[in-house]
Amino acid sequence: QISYHHGKAGVIWELTVLGFMLKVGQDVREQVAGMYWAKALISTGLAAFGGGFLAPIIVGHCPIPLREETFAWIMVFSWYVTHHIPLVSATWCRIAQSGPGWVVITICFGIFKTQQIVGGIELAANAIDAEALEPHSRHFWTPAAGPFLCGFLSGCGGAFMPFDKALKPIESGKNWSVQSSFLATVLYFGATRWFNVATLNAKLGICLMRIFGDLFPKTRTTIMVHLTGIFYMMTNVRPAAADS
């Protein structure tokens with residue numbers, strides 16, 4: 001197992017986190033423009049860590065940004081660089097929107113999101129295994145509901161925060177963050193628990209899926225339209241809200 005706290009691996013991981021936070025800051029740049037600075041900072045934090053708070057709390061664990069507060073300070077730094085340094089913020093905005101800059105931070109985003117999802121799944125699985133107050137399920141030897149929920153929220157929990165957004169991100173079923181989080185959770189859990197795929201291989205697979213989807217949105221949309229069409233046809237569920 002790789003240690004993220006020492007040596008080159010630690011530095012590379014922290015640079016990846018920085019790329020992720022800069023991508024989040026850029027993504028919500030227009031959304032928080034004109035907000036009071038504290039509200040803008042918190043909104044950026046929710047976008048970055050919403051799932052990182054929700055998933056651990058569900059299973060009674062310390063949220064990720066509090067357990068590894070380096071992430072929180074990198075987020076603050078990224079928010080400040082994105083909005084509040086004369087000339088630097090404008091220059092960074094142009095770099096982030098350029099081809100090479102956008103590709104780099106998008107790859108970092110995909111890597112960190114994968115880590116969040118896998119972390120949420122494994123955290124829930126371990127927490128359920130260690131639960132001693134209540135008897136475990138007689139029918140499900142490998143718990144799935146908890147890992148599914150925590151993995152899903154780890155990947156897209158920020159989309160539902162603040163909570164006045166309610167369930168808007170899933171009203172039409174076309175939010176890529178929601179779709180990719182659901183698919184990644186199901187694919188990783190199914191591959192590692194039901195087909196004995198090595199953890200790192202499953203992790204690499206869902207990471208590449210997320211990065212590919214982010215880098216090639218038109219191709220992604222075409223694929224997802226076909227996949228969801230097959231799903232709706234097979235299950236006969238309603239494809240979207242009548243007014244969406």
# chains A, B, ... in the order shown; residues from 1 in each chain; ligands from 1

call {"tool": "residues_around", "arguments": {"residues": "stretch 178-193 of chain A", "least_positions_apart": "4", "cutoff": "7 Å", "atoms": "only C-alpha atoms", "output": "list of chain:residue names"}}
result
A:Ile117, A:Phe148, A:Gly151, A:Phe152, A:Gly155, A:Cys156, A:Val197, A:Ala198, A:Thr199, A:Ala202, A:Lys203, A:Ile206, A:Arg210

call {"tool": "residues_around", "arguments": {"residues": "stretch 55-66 of chain A", "least_positions_apart": "5", "cutoff": "9 Å", "atoms": "only C-alpha atoms", "output": "list in words"}}
result
Phe49, Gly50, Phe71, Ala72, Gly120, Ile121, Leu123, Ala124, Ala127, Ile128, Gly146, Leu149, Cys150, Gly151, Phe152, Leu153, Ser154 and Gly157 of chain A

call {"tool": "write_last_selection", "arguments": {"atoms": "C-alpha atoms", "output": "compact mmCIF listing (two decimals), in the first residue's frame"}}
result
# COMPACT_ATOMS: atom_id res chain seq x y z
CA PHE A 49 -15.91 18.20 0.21
CA GLY A 50 -19.68 17.74 0.39
CA PHE A 71 -6.92 19.07 1.93
CA ALA A 72 -8.86 21.88 3.59
CA GLY A 120 -16.28 5.92 0.84
CA ILE A 121 -17.03 2.36 -0.27
CA LEU A 123 -14.96 2.98 4.81
CA ALA A 124 -18.60 1.88 4.88
CA ALA A 127 -17.57 0.13 9.48
CA ILE A 128 -20.38 -2.37 8.89
CA GLY A 146 -24.04 0.98 2.90
CA LEU A 149 -24.68 4.86 -0.56
CA CYS A 150 -21.34 6.05 0.82
CA GLY A 151 -19.51 5.55 -2.46
CA PHE A 152 -22.21 7.43 -4.35
CA LEU A 153 -22.28 10.34 -1.89
CA SER A 154 -18.48 10.48 -1.81
CA GLY A 157 -22.51 14.61 -2.39

call {"tool": "closest_atom_pairs", "arguments": {"of": "stretch 51-137 of chain A", "to": "stretch 214-230 of chain A", "cutoff": "12 Å", "atoms": "only C-alpha atoms", "output": "tab-separated table"}}
result
residue	atom	partner	partner_atom	distance
A:Gly99	CA	A:Leu215	CA	10.3
A:Pro100	CA	A:Leu215	CA	11.4
A:Trp102	CA	A:Leu215	CA	8.9
A:Val103	CA	A:Leu215	CA	7.1
A:Val104	CA	A:Leu215	CA	10.2
A:Ile105	CA	A:Leu215	CA	10.6
A:Thr106	CA	A:Asp214	CA	6.9
A:Ile107	CA	A:Leu215	CA	8.4
A:Cys108	CA	A:Asp214	CA	11.1
A:Phe109	CA	A:Asp214	CA	9.2
A:Gly110	CA	A:Asp214	CA	8.0
A:Ile111	CA	A:Asp214	CA	11.6
A:Lys113	CA	A:Asp214	CA	11.7

call {"tool": "closest_residue", "arguments": {"among": "A:Ser43, A:Ser172, A:Asn126, A:Asn201", "to": "A:Thr142", "atoms": "only C-alpha atoms"}}
result
A:Asn126

call {"tool": "atom_distance", "arguments": {"atom1": "atom CA of A:Gly213", "atom2": "atom CA of A:Val237"}}
result
24.9 Å

call {"tool": "closest_residue", "arguments": {"among": "A:Trp13, A:Trp73, A:Phe195, A:Trp79", "to": "A:Val28", "atoms": "only C-alpha atoms"}}
result
A:Trp79

call {"tool": "atom_distance", "arguments": {"atom1": "atom CA of A:Leu41", "atom2": "atom CA of A:Val76"}}
result
7.3 Å

call {"tool": "atom_distance", "arguments": {"atom1": "atom CA of A:Phe53", "atom2": "atom CA of A:Asp129"}}
result
20.8 Å

call {"tool": "decode", "arguments": {"residues": "stretch 145-158 of chain A", "atoms": "N, CA, C and O atoms", "output": "PDB file, in the first residue's frame"}}
result
ATOM      1  N   ALA A 145     -25.682  -2.161   0.509  1.00  0.00           N
ATOM      2  CA  ALA A 145     -26.419  -0.892   0.568  1.00  0.00           C
ATOM      3  C   ALA A 145     -25.561   0.232   1.149  1.00  0.00           C
ATOM      4  O   ALA A 145     -25.518   1.342   0.592  1.00  0.00           O
ATOM      5  N   GLY A 146     -24.889  -0.038   2.265  1.00  0.00           N
ATOM      6  CA  GLY A 146     -24.041   0.979   2.899  1.00  0.00           C
ATOM      7  C   GLY A 146     -22.899   1.419   1.999  1.00  0.00           C
ATOM      8  O   GLY A 146     -22.707   2.630   1.776  1.00  0.00           O
ATOM      9  N   PRO A 147     -22.111   0.489   1.462  1.00  0.00           N
ATOM     10  CA  PRO A 147     -21.042   0.885   0.539  1.00  0.00           C
ATOM     11  C   PRO A 147     -21.552   1.605  -0.703  1.00  0.00           C
ATOM     12  O   PRO A 147     -20.921   2.555  -1.169  1.00  0.00           O
ATOM     13  N   PHE A 148     -22.702   1.163  -1.245  1.00  0.00           N
ATOM     14  CA  PHE A 148     -23.259   1.855  -2.405  1.00  0.00           C
ATOM     15  C   PHE A 148     -23.586   3.306  -2.062  1.00  0.00           C
ATOM     16  O   PHE A 148     -23.242   4.230  -2.805  1.00  0.00           O
ATOM     17  N   LEU A 149     -24.266   3.510  -0.952  1.00  0.00           N
ATOM     18  CA  LEU A 149     -24.678   4.860  -0.564  1.00  0.00           C
ATOM     19  C   LEU A 149     -23.468   5.756  -0.299  1.00  0.00           C
ATOM     20  O   LEU A 149     -23.394   6.884  -0.785  1.00  0.00           O
ATOM     21  N   CYS A 150     -22.508   5.237   0.465  1.00  0.00           N
ATOM     22  CA  CYS A 150     -21.339   6.053   0.822  1.00  0.00           C
ATOM     23  C   CYS A 150     -20.442   6.314  -0.376  1.00  0.00           C
ATOM     24  O   CYS A 150     -19.879   7.401  -0.517  1.00  0.00           O
ATOM     25  N   GLY A 151     -20.303   5.325  -1.254  1.00  0.00           N
ATOM     26  CA  GLY A 151     -19.514   5.547  -2.461  1.00  0.00           C
ATOM     27  C   GLY A 151     -20.156   6.586  -3.362  1.00  0.00           C
ATOM     28  O   GLY A 151     -19.489   7.480  -3.887  1.00  0.00           O
ATOM     29  N   PHE A 152     -21.471   6.473  -3.518  1.00  0.00           N
ATOM     30  CA  PHE A 152     -22.207   7.431  -4.349  1.00  0.00           C
ATOM     31  C   PHE A 152     -22.096   8.847  -3.790  1.00  0.00           C
ATOM     32  O   PHE A 152     -21.767   9.793  -4.520  1.00  0.00           O
ATOM     33  N   LEU A 153     -22.342   9.011  -2.505  1.00  0.00           N
ATOM     34  CA  LEU A 153     -22.276  10.339  -1.894  1.00  0.00           C
ATOM     35  C   LEU A 153     -20.858  10.896  -1.895  1.00  0.00           C
ATOM     36  O   LEU A 153     -20.662  12.109  -2.024  1.00  0.00           O
ATOM     37  N   SER A 154     -19.867  10.024  -1.767  1.00  0.00           N
ATOM     38  CA  SER A 154     -18.484  10.482  -1.811  1.00  0.00           C
ATOM     39  C   SER A 154     -18.153  11.100  -3.164  1.00  0.00           C
ATOM     40  O   SER A 154     -17.348  12.022  -3.259  1.00  0.00           O
ATOM     41  N   GLY A 155     -18.781  10.572  -4.208  1.00  0.00           N
ATOM     42  CA  GLY A 155     -18.495  11.074  -5.542  1.00  0.00           C
ATOM     43  C   GLY A 155     -19.263  12.314  -5.939  1.00  0.00           C
ATOM     44  O   GLY A 155     -18.773  13.130  -6.719  1.00  0.00           O
ATOM     45  N   CYS A 156     -20.486  12.486  -5.405  1.00  0.00           N
ATOM     46  CA  CYS A 156     -21.298  13.620  -5.871  1.00  0.00           C
ATOM     47  C   CYS A 156     -22.092  14.288  -4.749  1.00  0.00           C
ATOM     48  O   CYS A 156     -23.036  15.045  -5.039  1.00  0.00           O
ATOM     49  N   GLY A 157     -21.750  14.027  -3.504  1.00  0.00           N
ATOM     50  CA  GLY A 157     -22.507  14.608  -2.394  1.00  0.00           C
ATOM     51  C   GLY A 157     -22.540  16.121  -2.423  1.00  0.00           C
ATOM     52  O   GLY A 157     -23.533  16.748  -2.028  1.00  0.00           O
ATOM     53  N   GLY A 158     -21.458  16.740  -2.920  1.00  0.00           N
ATOM     54  CA  GLY A 158     -21.414  18.196  -2.985  1.00  0.00           C
ATOM     55  C   GLY A 158     -22.475  18.792  -3.891  1.00  0.00           C
ATOM     56  O   GLY A 158     -22.865  19.948  -3.718  1.00  0.00           O
TER      57      GLY A 158
END
